[in-house]
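Have a look at start-v5.txt below; it lists compact mmCIF, C-alpha atoms.
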# COMPACT_ATOMS: atom_id res chain seq x y z
CA MET Y 1 78.72 148.81 138.92
CA GLU Y 2 81.36 146.20 139.66
CA PRO Y 3 85.12 146.64 139.27
CA THR Y 4 86.37 145.06 136.07
CA LEU Y 5 89.53 143.07 135.37
CA HIS Y 6 91.11 146.30 134.13
CA HIS Y 7 90.77 147.96 137.54
CA TYR Y 8 92.57 145.14 139.31
CA LEU Y 9 95.35 144.96 136.74
CA VAL Y 10 95.95 148.73 136.89
CA LEU Y 11 96.17 148.58 140.70
CA SER Y 12 98.58 145.67 140.39
CA ALA Y 13 100.74 147.65 137.93
CA ILE Y 14 100.83 150.66 140.27
CA LEU Y 15 101.91 148.54 143.25
CA PHE Y 16 104.51 146.72 141.17
CA SER Y 17 106.13 149.93 139.93
CA LEU Y 18 106.09 151.35 143.48
CA GLY Y 19 107.99 148.25 144.58
CA THR Y 20 110.47 148.65 141.73
CA PHE Y 21 111.07 152.27 142.69
CA GLY Y 22 111.70 151.22 146.30
CA VAL Y 23 114.11 148.43 145.36
CA LEU Y 24 116.14 150.78 143.16
CA THR Y 25 116.30 153.77 145.50
CA ARG Y 26 116.45 152.56 149.10
CA LYS Y 27 119.74 151.68 150.78
CA ASN Y 28 118.51 149.67 153.77
CA ALA Y 29 118.53 145.96 152.87
CA ILE Y 30 115.44 145.17 154.98
CA VAL Y 31 113.40 147.93 153.29
CA ILE Y 32 114.54 146.60 149.90
CA PHE Y 33 113.34 143.17 151.00
CA MET Y 34 109.94 144.62 151.97
CA CYS Y 35 109.67 146.30 148.56
CA VAL Y 36 110.33 142.92 146.91
CA GLU Y 37 107.44 141.51 148.98
CA LEU Y 38 105.29 144.38 147.70
CA MET Y 39 106.14 143.44 144.11
CA LEU Y 40 105.34 139.76 144.78
CA ASN Y 41 101.97 140.80 146.20
CA ALA Y 42 101.19 142.97 143.18
CA VAL Y 43 101.77 139.95 140.94
CA ASN Y 44 99.61 137.78 143.24
CA LEU Y 45 96.76 140.28 142.85
CA SER Y 46 96.88 140.08 139.06
CA PHE Y 47 97.03 136.26 139.23
CA ILE Y 48 93.91 136.10 141.39
CA ALA Y 49 92.06 138.73 139.34
CA LEU Y 50 92.77 136.91 136.06
CA SER Y 51 91.88 133.59 137.68
CA HIS Y 52 88.53 134.99 138.86
CA PHE Y 53 87.59 136.61 135.57
CA GLN Y 54 88.67 133.61 133.50
CA GLY Y 55 86.88 131.10 135.70
CA ASN Y 56 90.01 129.02 136.19
CA MET Y 57 91.56 127.76 139.42
CA ASP Y 58 95.18 127.43 138.21
CA GLY Y 59 96.11 131.05 138.91
CA GLN Y 60 95.15 130.75 142.55
CA ILE Y 61 97.23 127.57 142.94
CA PHE Y 62 100.13 129.52 141.52
CA VAL Y 63 99.58 132.25 144.12
CA PHE Y 64 99.75 129.52 146.77
CA PHE Y 65 103.19 128.50 145.50
CA VAL Y 66 104.35 132.12 145.27
CA MET Y 67 103.43 132.60 148.93
CA THR Y 68 105.36 129.47 149.92
CA VAL Y 69 108.44 130.60 148.03
CA ALA Y 70 108.10 134.08 149.59
CA ALA Y 71 108.05 132.54 153.07
CA ALA Y 72 111.16 130.46 152.31
CA GLU Y 73 112.84 133.53 150.82
CA ALA Y 74 112.01 135.57 153.93
CA ALA Y 75 113.59 132.98 156.22
CA VAL Y 76 116.80 132.64 154.18
CA GLY Y 77 117.07 136.35 153.29
CA LEU Y 78 116.72 137.55 156.86
CA ALA Y 79 119.24 134.92 158.07
CA LEU Y 80 121.65 136.26 155.43
CA MET Y 81 121.09 139.80 156.73
CA ILE Y 82 121.85 138.72 160.30
CA ALA Y 83 125.03 136.97 159.11
CA PHE Y 84 126.05 140.07 157.17
CA PHE Y 85 125.32 142.38 160.10
CA ARG Y 86 127.69 140.31 162.26
CA ASN Y 87 130.52 140.94 159.82
CA ARG Y 88 130.02 144.59 158.94
CA GLU Y 89 127.82 146.12 161.71
CA SER Y 90 125.51 147.50 159.01
CA ILE Y 91 122.95 146.32 156.46
CA ASP Y 92 123.41 149.26 154.13
CA VAL Y 93 123.63 147.91 150.57
CA GLU Y 94 126.43 150.41 149.87
CA ASP Y 95 128.62 148.19 152.09
CA PHE Y 96 127.85 145.06 150.02
CA ASN Y 97 130.34 146.13 147.36
CA LEU Y 98 132.75 143.20 147.16
CA LEU Y 99 131.52 142.21 143.69
CA LYS Y 100 131.13 145.78 142.46
CA TRP Y 101 133.13 146.73 139.43
CA MET L 1 78.54 150.64 145.33
CA GLU L 2 81.09 147.86 144.97
CA ILE L 3 83.27 150.02 142.77
CA LEU L 4 83.34 152.78 145.40
CA PHE L 5 84.53 150.20 147.93
CA PHE L 6 87.15 149.02 145.43
CA TYR L 7 88.43 152.56 144.94
CA LEU L 8 88.61 153.10 148.70
CA VAL L 9 90.59 149.89 149.30
CA ALA L 10 92.83 150.55 146.28
CA LEU L 11 93.55 154.07 147.52
CA VAL L 12 94.54 152.79 150.98
CA ALA L 13 96.69 150.06 149.37
CA VAL L 14 98.55 152.52 147.15
CA ALA L 15 98.95 155.07 149.97
CA SER L 16 100.42 152.49 152.33
CA GLY L 17 102.60 151.21 149.46
CA VAL L 18 103.98 154.74 149.10
CA LEU L 19 104.62 154.81 152.86
CA VAL L 20 106.53 151.49 152.65
CA VAL L 21 108.85 153.02 150.09
CA THR L 22 109.27 156.47 151.67
CA CYS L 23 109.31 155.92 155.46
CA ARG L 24 112.69 156.63 157.06
CA ASN L 25 112.19 154.18 159.93
CA PRO L 26 112.07 150.49 158.83
CA VAL L 27 109.49 149.68 161.54
CA ASN L 28 107.05 152.20 160.02
CA SER L 29 107.66 150.62 156.61
CA ALA L 30 106.83 147.19 158.06
CA ILE L 31 103.58 148.45 159.61
CA SER L 32 102.56 150.08 156.31
CA LEU L 33 103.33 146.81 154.57
CA VAL L 34 100.83 145.06 156.89
CA MET L 35 98.23 147.63 155.81
CA THR L 36 98.92 146.86 152.14
CA PHE L 37 98.59 143.13 152.79
CA VAL L 38 95.26 143.60 154.58
CA CYS L 39 93.95 145.71 151.67
CA LEU L 40 95.03 143.03 149.19
CA ALA L 41 93.28 140.39 151.32
CA THR L 42 90.10 142.50 151.11
CA LEU L 43 90.44 142.57 147.33
CA TYR L 44 90.86 138.77 147.30
CA VAL L 45 87.56 138.47 149.17
CA MET L 46 85.96 140.71 146.54
CA LEU L 47 87.38 138.37 143.89
CA GLN L 48 85.61 135.37 145.46
CA ALA L 49 88.85 133.90 146.84
CA PRO L 50 88.31 133.76 150.63
CA PHE L 51 90.87 131.00 151.21
CA MET L 52 93.56 133.08 149.50
CA ALA L 53 92.57 136.07 151.68
CA ALA L 54 92.92 133.92 154.81
CA ILE L 55 96.38 132.64 153.92
CA GLN L 56 97.40 136.12 152.81
CA ILE L 57 96.67 137.36 156.33
CA MET L 58 98.20 134.31 158.03
CA VAL L 59 101.35 133.89 155.94
CA TYR L 60 102.15 137.47 154.96
CA ALA L 61 100.68 139.71 157.65
CA GLY L 62 101.34 137.05 160.28
CA ALA L 63 104.51 135.08 159.63
CA ILE L 64 106.60 137.15 157.24
CA ILE L 65 105.98 140.54 158.88
CA VAL L 66 106.68 139.12 162.34
CA LEU L 67 109.97 137.77 161.00
CA ILE L 68 110.86 141.15 159.47
CA VAL L 69 109.98 143.09 162.63
CA PHE L 70 111.97 140.62 164.73
CA VAL L 71 115.05 141.09 162.56
CA ILE L 72 114.67 144.89 162.67
CA MET L 73 114.57 144.75 166.47
CA LEU L 74 117.36 142.15 166.69
CA LEU L 75 119.69 144.32 164.65
CA ASN L 76 118.46 147.42 166.53
CA LEU L 77 118.08 149.50 163.38
CA GLY L 78 117.10 153.06 164.14
CA THR L 79 116.13 155.74 161.69
CA ALA L 80 119.02 155.47 159.30
CA THR L 81 120.44 158.64 157.85
CA GLU L 82 120.40 157.49 154.26
CA LYS L 83 122.78 159.48 152.18
CA SER L 84 120.74 158.87 149.06
CA VAL L 85 122.25 160.41 145.97
CA SER L 86 119.76 162.37 143.88
CA HIS L 87 120.66 160.71 140.58
CA THR L 88 119.93 157.29 142.15
CA LYS L 89 116.44 158.54 142.99
CA ALA L 90 115.99 159.96 139.49
CA PHE L 91 117.01 156.67 137.84
CA GLY L 92 114.78 154.69 140.20
CA ALA L 93 111.82 156.95 139.51
CA ALA L 94 112.47 156.75 135.76
CA ALA L 95 112.55 152.93 135.86
CA GLY L 96 109.39 152.77 137.98
CA ILE L 97 107.47 155.16 135.72
CA LEU L 98 108.73 153.31 132.63
CA ILE L 99 107.40 149.99 133.97
CA LEU L 100 104.09 151.64 134.95
CA PHE L 101 103.55 153.18 131.51
CA GLN L 102 104.60 149.98 129.75
CA THR L 103 102.02 147.94 131.67
CA LEU L 104 99.32 150.60 131.25
CA TYR L 105 100.05 150.74 127.49
CA MET L 106 99.80 146.94 127.27
CA LEU L 107 96.55 147.02 129.24
CA SER L 108 94.92 149.72 127.12
CA HIS L 109 96.01 148.25 123.77
CA GLY L 110 95.81 144.53 124.57
CA GLN L 111 92.74 142.37 124.75
CA ALA L 112 92.50 139.87 127.57
CA ASN L 113 91.08 136.69 126.11
CA LEU L 114 88.25 136.10 128.56
CA THR L 115 86.82 132.75 127.57
CA PRO L 116 84.88 131.86 130.72
CA GLY L 117 86.16 128.64 132.26
CA PRO L 118 84.34 126.07 134.38
CA ILE L 119 84.83 127.81 137.76
CA THR L 120 82.05 130.40 137.85
CA ASN L 121 80.90 132.34 140.91
CA GLU L 122 77.98 129.96 141.22
CA VAL L 123 80.31 126.91 141.33
CA VAL L 124 82.54 128.58 143.93
CA GLU L 125 79.53 129.31 146.13
CA ARG L 126 78.08 125.81 145.76
CA VAL L 127 81.27 123.73 146.19
CA GLY L 128 83.29 126.09 148.37
CA HIS L 129 86.54 127.82 147.54
CA THR L 130 88.76 125.81 149.90
CA GLU L 131 87.51 122.52 148.51
CA LEU L 132 88.21 123.64 144.95
CA ILE L 133 91.74 124.70 145.90
CA GLY L 134 92.34 121.43 147.74
CA LYS L 135 91.11 119.33 144.83
CA ALA L 136 93.32 121.17 142.36
CA LEU L 137 96.31 121.06 144.71
CA PHE L 138 96.15 117.33 145.40
CA THR L 139 95.31 116.15 141.88
CA ASP L 140 96.76 118.32 139.10
CA PHE L 141 99.45 120.01 141.17
CA LEU L 142 100.56 117.17 143.44
CA LEU L 143 104.17 117.08 142.24
CA PRO L 144 104.77 120.85 142.63
CA PHE L 145 103.18 120.61 146.06
CA GLU L 146 105.66 117.92 147.16
CA ILE L 147 108.57 119.85 145.67
CA THR L 148 107.43 122.91 147.65
CA SER L 149 107.62 120.93 150.87
CA ILE L 150 111.23 119.99 150.07
CA LEU L 151 111.93 123.67 149.32
CA LEU L 152 110.60 124.65 152.75
CA LEU L 153 112.77 122.02 154.43
CA VAL L 154 115.84 123.31 152.59
CA ALA L 155 114.94 126.89 153.57
CA ILE L 156 114.63 125.96 157.26
CA ILE L 157 118.02 124.21 157.27
CA GLY L 158 119.60 127.06 155.31
CA ALA L 159 118.23 129.72 157.66
CA VAL L 160 119.54 127.89 160.74
CA VAL L 161 122.98 127.30 159.21
CA LEU L 162 123.31 130.93 158.04
CA ALA L 163 122.16 132.58 161.24
CA LYS L 164 124.09 130.31 163.62
CA ARG L 165 127.25 131.87 164.98
CA ASP L 166 129.51 128.87 164.44
CA VAL L 167 128.29 125.74 162.69

Render the structure in this file as structure tokens.
Amino acid sequence: MEPTLHHYLVLSAILFSLGTFGVLTRKNAIVIFMCVELMLNAVNLSFIALSHFQGNMDGQIFVFFVMTVAAAEAAVGLALMIAFFRNRESIDVEDFNLLKW
Amino acid sequence: MEILFFYLVALVAVASGVLVVTCRNPVNSAISLVMTFVCLATLYVMLQAPFMAAIQIMVYAGAIIVLIVFVIMLLNLGTATEKSVSHTKAFGAAAGILILFQTLYMLSHGQANLTPGPITNEVVERVGHTELIGKALFTDFLLPFEITSILLLVAIIGAVVLAKRDV
């Protein structure tokens, strides 16, 4: 028996909600960033699964672009964290409260 | 047989995903994230997408994780004593479970419209996955591809400007 589309989509949903939980509960900005990467990967998995089961290449091209944007985001996001660490000596998101109401 | 392998890989992926979220030390989270990426690459191979599996390993498990680990070491982050408030955790868990049940409800009540397209397993094996990706990328998706290259250039310049001590 082969895994169906449903199996892949359920796995993708589980990983995505794990990532959401991490983003909402963790305080360390780098861990939050890693959880965002986990969510991006969950979406990539559903793109590739749907692309495979529909016999269409477009989903996989989209995954290619998602990976490129994730790499760009990693570079800029981590540079922002370094810049922030220089100012506050911490990357705890509780200290990023300038715009908090 | 294949489904047993799928369950094994999925179990490892979810377990290491849980470790990413729960580990106290950011370095342990990063290592668990590598494990998740490798499991997802395995699933991509099972989905007849070997090129995607290769760039998953190279871009994610290679480049992005190295960048994350470097920043963790550069900032010398130890095991942080997170003073996490319990209601934050409860709200986070509620939101996560809500999203999970929403997607599972959609999956069990929806019907994916699976009209088989032109790219069957037989075509992928005959032509080759990388060639199919390349053809699609340089014909139908040429403009997004060029825009992506500009995005990468902007990201490089932005990263250097942000991380430099005085511009």

Next on the checklist: Which residue is closest to Y:Leu15? Choose from Y:Val69, Y:Val31, Y:Ala83, Y:Met39 and count all atoms listed in the file.
Outcome noted: Y:Met39

Polymer residues at most 9 Å from Y:Met67, all atoms listed in the file, same-chain spacing of 6 or more positions, as a PDB file with C-alpha atoms, in the frame of the given file:
ATOM      1  CA  LEU Y  40     105.340 139.760 144.780  1.00  0.00           C
ATOM      2  CA  ASN Y  41     101.970 140.800 146.200  1.00  0.00           C
ATOM      3  CA  ASN Y  44      99.610 137.780 143.240  1.00  0.00           C
TER       4      ASN Y  44
ATOM      5  CA  ILE L  55      96.380 132.640 153.920  1.00  0.00           C
ATOM      6  CA  GLN L  56      97.400 136.120 152.810  1.00  0.00           C
ATOM      7  CA  VAL L  59     101.350 133.890 155.940  1.00  0.00           C
ATOM      8  CA  TYR L  60     102.150 137.470 154.960  1.00  0.00           C
TER       9      TYR L  60
END

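Across the model, the gap from atom CA of Y:Ala71 to atom CA of L:Val161 is 17.0 Å.
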
Dump as JSON lines the rows for residues of chain L within 6 Å of chain Y: closest atom pair and distance in Å with one decimal, all atoms listed in the file counted, ordered by chain and rising residue number.
{"residue": "L:Glu2", "atom": "CA", "partner": "Y:Glu2", "partner_atom": "CA", "distance": 5.6}
{"residue": "L:Ile3", "atom": "CA", "partner": "Y:Pro3", "partner_atom": "CA", "distance": 5.2}
{"residue": "L:Val21", "atom": "CA", "partner": "Y:Gly22", "partner_atom": "CA", "distance": 5.1}
{"residue": "L:Lys89", "atom": "CA", "partner": "Y:Thr25", "partner_atom": "CA", "distance": 5.4}
{"residue": "L:Gly92", "atom": "CA", "partner": "Y:Phe21", "partner_atom": "CA", "distance": 5.1}
{"residue": "L:Ala93", "atom": "CA", "partner": "Y:Phe21", "partner_atom": "CA", "distance": 5.7}
{"residue": "L:Gly96", "atom": "CA", "partner": "Y:Ser17", "partner_atom": "CA", "distance": 4.7}
{"residue": "L:Leu100", "atom": "CA", "partner": "Y:Ser17", "partner_atom": "CA", "distance": 5.6}
{"residue": "L:Leu114", "atom": "CA", "partner": "Y:Gln54", "partner_atom": "CA", "distance": 5.5}
{"residue": "L:Pro116", "atom": "CA", "partner": "Y:Gln54", "partner_atom": "CA", "distance": 5.0}
{"residue": "L:Gly117", "atom": "CA", "partner": "Y:Gly55", "partner_atom": "CA", "distance": 4.3}
{"residue": "L:Pro118", "atom": "CA", "partner": "Y:Gly55", "partner_atom": "CA", "distance": 5.8}
{"residue": "L:Ile119", "atom": "CA", "partner": "Y:Gly55", "partner_atom": "CA", "distance": 4.4}
{"residue": "L:Thr120", "atom": "CA", "partner": "Y:Gly55", "partner_atom": "CA", "distance": 5.3}
{"residue": "L:Leu152", "atom": "CA", "partner": "Y:Ala72", "partner_atom": "CA", "distance": 5.9}
{"residue": "L:Ala155", "atom": "CA", "partner": "Y:Ala72", "partner_atom": "CA", "distance": 5.3}
{"residue": "L:Ala159", "atom": "CA", "partner": "Y:Val76", "partner_atom": "CA", "distance": 4.8}
{"residue": "L:Leu162", "atom": "CA", "partner": "Y:Ala79", "partner_atom": "CA", "distance": 5.7}
{"residue": "L:Ala163", "atom": "CA", "partner": "Y:Ala79", "partner_atom": "CA", "distance": 4.9}

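Computed from the coordinates, the atom CA of L:Val123 to atom CA of Y:Phe47 distance equals 19.3 Å.
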
Next on the checklist: For a test of reading the model, state the distance in Å between atom CA of L:Gly62 and atom CA of L:Ile31, rounded to one decimal.
Outcome noted: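 Atom CA of L:Ile31 lies at a distance of 11.6 Å from atom CA of L:Gly62.
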
Checklist entry - Counting only C-alpha atoms, which of L:Val160, L:Ala10, L:Ala54, L:Ala94 gets nearest to L:Thr36? => result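 Among the listed residues, L:Ala10 lies closest to L:Thr36.
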
Using all atoms listed in the file, determine which residues lie at most 9 Å from L:Ile68, disregarding the query and same-chain residues fewer than 2 positions distant; provide the list as a compact mmCIF listing (two decimals) with C-alpha atoms, keeping the file's coordinate frame.
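File written: out31.txt
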# COMPACT_ATOMS: atom_id res chain seq x y z
CA ILE Y 30 115.44 145.17 154.98
CA MET Y 34 109.94 144.62 151.97
CA ALA Y 74 112.01 135.57 153.93
CA LEU Y 78 116.72 137.55 156.86
CA VAL L 27 109.49 149.68 161.54
CA ALA L 30 106.83 147.19 158.06
CA ALA L 63 104.51 135.08 159.63
CA ILE L 64 106.60 137.15 157.24
CA ILE L 65 105.98 140.54 158.88
CA VAL L 66 106.68 139.12 162.34
CA PHE L 70 111.97 140.62 164.73
CA VAL L 71 115.05 141.09 162.56
CA ILE L 72 114.67 144.89 162.67
CA MET L 73 114.57 144.75 166.47

Checklist entry - Got a sec to check which residues sit within 9 Å of (89.4, 132.1, 150.3), counting all atoms listed in the file, and write them as an MDAnalysis selection string? => result chainID L and resid 44:45 48:55 128:130 133

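When all atoms listed in the file are used to compute distances to L:Phe5, the closest of the residues L:Leu143, L:Thr42, L:Lys135, L:Ser32 turns out to be L:Thr42.
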
How would stretch 41-58 of chain Y look with N, CA and C atoms restored, written as a short mmCIF file (atom, residue, chain, number, x, y, z; two decimals), in the frame of the given file?
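Saved to out.cif:
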data_model
loop_
_atom_site.label_atom_id
_atom_site.label_comp_id
_atom_site.auth_asym_id
_atom_site.auth_seq_id
_atom_site.Cartn_x
_atom_site.Cartn_y
_atom_site.Cartn_z
N ASN Y 41 103.39 140.69 145.93
CA ASN Y 41 101.97 140.80 146.20
C ASN Y 41 101.20 141.41 145.04
N ALA Y 42 101.83 142.37 144.35
CA ALA Y 42 101.19 142.97 143.18
C ALA Y 42 100.94 141.90 142.13
N VAL Y 43 101.93 141.02 141.93
CA VAL Y 43 101.77 139.95 140.94
C VAL Y 43 100.68 138.97 141.40
N ASN Y 44 100.65 138.67 142.71
CA ASN Y 44 99.61 137.78 143.24
C ASN Y 44 98.22 138.33 142.94
N LEU Y 45 98.08 139.67 143.11
CA LEU Y 45 96.76 140.28 142.85
C LEU Y 45 96.35 140.08 141.41
N SER Y 46 97.29 140.25 140.46
CA SER Y 46 96.88 140.08 139.06
C SER Y 46 96.60 138.62 138.76
N PHE Y 47 97.33 137.69 139.40
CA PHE Y 47 97.03 136.26 139.23
C PHE Y 47 95.61 135.96 139.67
N ILE Y 48 95.23 136.45 140.86
CA ILE Y 48 93.91 136.10 141.39
C ILE Y 48 92.81 136.78 140.58
N ALA Y 49 93.07 138.04 140.14
CA ALA Y 49 92.06 138.73 139.34
C ALA Y 49 91.83 138.00 138.03
N LEU Y 50 92.92 137.62 137.34
CA LEU Y 50 92.77 136.91 136.06
C LEU Y 50 92.10 135.56 136.28
N SER Y 51 92.47 134.88 137.38
CA SER Y 51 91.88 133.59 137.68
C SER Y 51 90.37 133.72 137.88
N HIS Y 52 89.95 134.78 138.60
CA HIS Y 52 88.53 134.99 138.86
C HIS Y 52 87.78 135.30 137.58
N PHE Y 53 88.34 136.20 136.76
CA PHE Y 53 87.59 136.61 135.57
C PHE Y 53 87.66 135.58 134.46
N GLN Y 54 88.63 134.67 134.51
CA GLN Y 54 88.67 133.61 133.50
C GLN Y 54 87.96 132.36 133.95
N GLY Y 55 87.55 132.29 135.21
CA GLY Y 55 86.88 131.10 135.70
C GLY Y 55 87.79 129.89 135.73
N ASN Y 56 89.03 130.10 136.21
CA ASN Y 56 90.01 129.02 136.19
C ASN Y 56 90.74 129.02 137.53
N MET Y 57 90.99 127.84 138.08
CA MET Y 57 91.56 127.76 139.42
C MET Y 57 93.09 127.83 139.41
N ASP Y 58 93.72 127.60 138.25
CA ASP Y 58 95.18 127.43 138.21
C ASP Y 58 95.94 128.64 138.73
#
